[in-house]
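Colleague: Attaching a single structure in structure tokens format; questions to follow.
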Amino acid sequence: MNFLEYLRDYNVVTIIIRLVLAFILGGLVGFERQRKGHAAGLRTHILVCVGATLTTLTGLFITEELGYGADPMRIGAQVVSGIGFIGAGTIMVTRGNHIRGLTTAAGLWAVAAIGLSLGAGFYEGAVIATLLIAMVITLLKRLDRVLHNRRNSLELYLEIDGTENVNAVLDTLSAKVSDIHDVEITAPRSAKNGNVGVNIDVYSYKNKIISEKELSAFVRSIPNVDIALIG
């Protein structure tokens, strides 16, 4: 307990510990996003978490070291609203009304809150929140499918020739399956100039089941689809 109380003090050692923990915990959340090829991945989450931590530490520095009587959390409070601009940049609604990026945006907001907690020395809350957030974005995806009453689900990766053709491909795919969800635009794995990568979760209800073989053949027949990988 004495060691934890020491960690809550404001000194060079605790400043280093808080910033390093922000690097680790922000990276833990960002790792899953990076693995899935999301635009806001490992580096973005680390930068947001470390930046939020430093913001709180700066507020504490102004009051503790410089002696000003301002609220030390006033600067940090701006992070809560300001992070919305970054989060909004990760959300996109396609022509087929498919929304992507909501989980990433929410993750960035949550990572900012983790950084604010670390900056204030609330280590327990930051660590517990990180574990819960990591569980939400990894383990609860399957539960989300059950709650939406989806029977068959397949993860599909496409490479499409030109960003202007993405909506047309998604609309064609939607006509074949029951639903597509979690549409994420990524860099193409082939690195082919002009291509754009797309990660999609494809769902089929029990009255409209589609096999992997059937889906693979259909997707490859769609114009402007260069690569189609399932799983």
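FYI, nothing fancy with the structure tokens labels: chains A, B, ... in order, residues from 1 per chain, ligands from 1 as they appear.
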Excluding Arg43 in chain A and its own-chain neighbours fewer than 4 positions away, which residues fall within 8 Å of it when counting only C-alpha atoms? Please give them as number ranges by chain.
Modeller: A: 27, 30, 47
Colleague: Would you pick out the contacts of Thr163 in chain A at 8 Å or less, using only C-alpha atoms, so that residues sharing its chain but fewer than 2 positions from it are not included, and give the list as a PyMOL selection string?
Modeller: chain A and resi 160-161+165-166+194-196
Colleague: Nearest residue to Leu54 in chain A out of A:Leu66, A:Leu19, A:Val29, A:Leu42, using only C-alpha atoms?
Modeller: A:Leu19
Colleague: Select, from A:Val177, A:Ile75, A:Ala105, A:Ala191, the residue with the minimum atom-to-atom distance to Thr63 in chain A, counting only C-alpha atoms.
Modeller: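 Result for the nearest residue to Thr63 in chain A: A:Ile75.
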Colleague: Go through A:Thr186, A:Thr14, A:Thr172, A:Ser117 and flag the residue nearest Ala52 in chain A, using only C-alpha atoms for the distances.
Modeller: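 When distances to Ala52 in chain A are compared using only C-alpha atoms, the smallest one comes from A:Ser117.
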Colleague: Mind pulling up the distance from CA of Leu139 in chain A to CA of Val48 in chain A?
Modeller: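 If I compute the distance from CA of Val48 in chain A to CA of Leu139 in chain A, I get 23.2 Å.
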Colleague: Mind checking which residues fall within 9 Å of Leu21 in chain A, counting only C-alpha atoms, ignoring those fewer than 4 positions away in the same chain, and posting them as a PyMOL selection string?
Modeller: chain A and resi 16-17+25-26+50+115+118+123+127
Colleague: May I ask for the distance between CA of Asn2 in chain A and CA of Ile62 in chain A, given in Å to one decimal place?
Modeller: 25.8 Å
Colleague: Neighbouring residues of Cys49 in chain A were defined as those with any atom within 8 Å, considering only C-alpha atoms; residues of the same chain fewer than 3 positions away were excluded. Please report them as a PyMOL selection string.
Modeller: chain A and resi 22-23+25-26+45-46+52-53+111-116
Colleague: Quick one: write out the picked residues with N, CA and C atoms as a short mmCIF file (atom, residue, chain, number, x, y, z; two decimals), in the first residue's frame?
Modeller:
```cif
data_model
loop_
_atom_site.label_atom_id
_atom_site.label_comp_id
_atom_site.auth_asym_id
_atom_site.auth_seq_id
_atom_site.Cartn_x
_atom_site.Cartn_y
_atom_site.Cartn_z
N ALA A 22 1.18 4.35 -20.02
CA ALA A 22 0.32 4.83 -21.09
C ALA A 22 0.74 4.22 -22.42
N PHE A 23 2.03 4.12 -22.64
CA PHE A 23 2.56 3.49 -23.86
C PHE A 23 2.12 2.03 -23.94
N LEU A 25 -0.39 0.34 -22.10
CA LEU A 25 -1.83 0.10 -22.09
C LEU A 25 -2.49 0.59 -23.38
N GLY A 26 -2.05 1.73 -23.88
CA GLY A 26 -2.57 2.20 -25.16
C GLY A 26 -2.23 1.24 -26.29
N HIS A 45 -3.30 4.61 -31.16
CA HIS A 45 -3.78 4.41 -29.79
C HIS A 45 -2.70 4.77 -28.77
N ILE A 46 -1.46 4.44 -29.07
CA ILE A 46 -0.37 4.79 -28.15
C ILE A 46 -0.23 6.30 -28.05
N ALA A 52 -2.82 12.01 -23.76
CA ALA A 52 -3.80 12.30 -22.70
C ALA A 52 -3.13 12.27 -21.33
N THR A 53 -2.21 11.32 -21.14
CA THR A 53 -1.47 11.25 -19.88
C THR A 53 -0.64 12.50 -19.66
N VAL A 111 -9.31 5.04 -24.74
CA VAL A 111 -7.87 5.10 -24.51
C VAL A 111 -7.47 6.47 -23.97
N ALA A 112 -8.13 7.52 -24.46
CA ALA A 112 -7.86 8.87 -23.94
C ALA A 112 -8.21 8.94 -22.45
N ALA A 113 -9.33 8.31 -22.09
CA ALA A 113 -9.73 8.29 -20.68
C ALA A 113 -8.72 7.51 -19.83
N ILE A 114 -8.18 6.44 -20.40
CA ILE A 114 -7.14 5.68 -19.70
C ILE A 114 -5.92 6.57 -19.45
N GLY A 115 -5.54 7.34 -20.47
CA GLY A 115 -4.41 8.25 -20.31
C GLY A 115 -4.65 9.29 -19.24
N LEU A 116 -5.85 9.86 -19.20
CA LEU A 116 -6.17 10.84 -18.16
C LEU A 116 -6.08 10.21 -16.77
#
```
Colleague: Of the candidates A:Pro72, A:Gly67, A:Gly51, A:Pro223, which shows the shortest atom-to-atom distance to Asn167 in chain A, using only C-alpha atoms?
Modeller: A:Pro223
Colleague: Restricting the calculation to only C-alpha atoms: of A:Ile185, A:Val169, A:Leu229, A:Leu156, which residue gets closest to Ile200 in chain A?
Modeller: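 Of all the options, A:Leu156 lies closest to Ile200 in chain A.
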Colleague: Which of these residues is nearest to Ser190 in chain A, using only C-alpha atoms: A:Asp9, A:Gly121, A:Lys176, A:Ala228?
Modeller: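 Looking at the shortest contact to Ser190 in chain A, the residue is A:Ala228.
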Colleague: Quick check, in Å to one decimal: how far apart do CA of Ile15 in chain A and CA of Leu131 in chain A lie?
Modeller: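 A separation of 22.2 Å between them.
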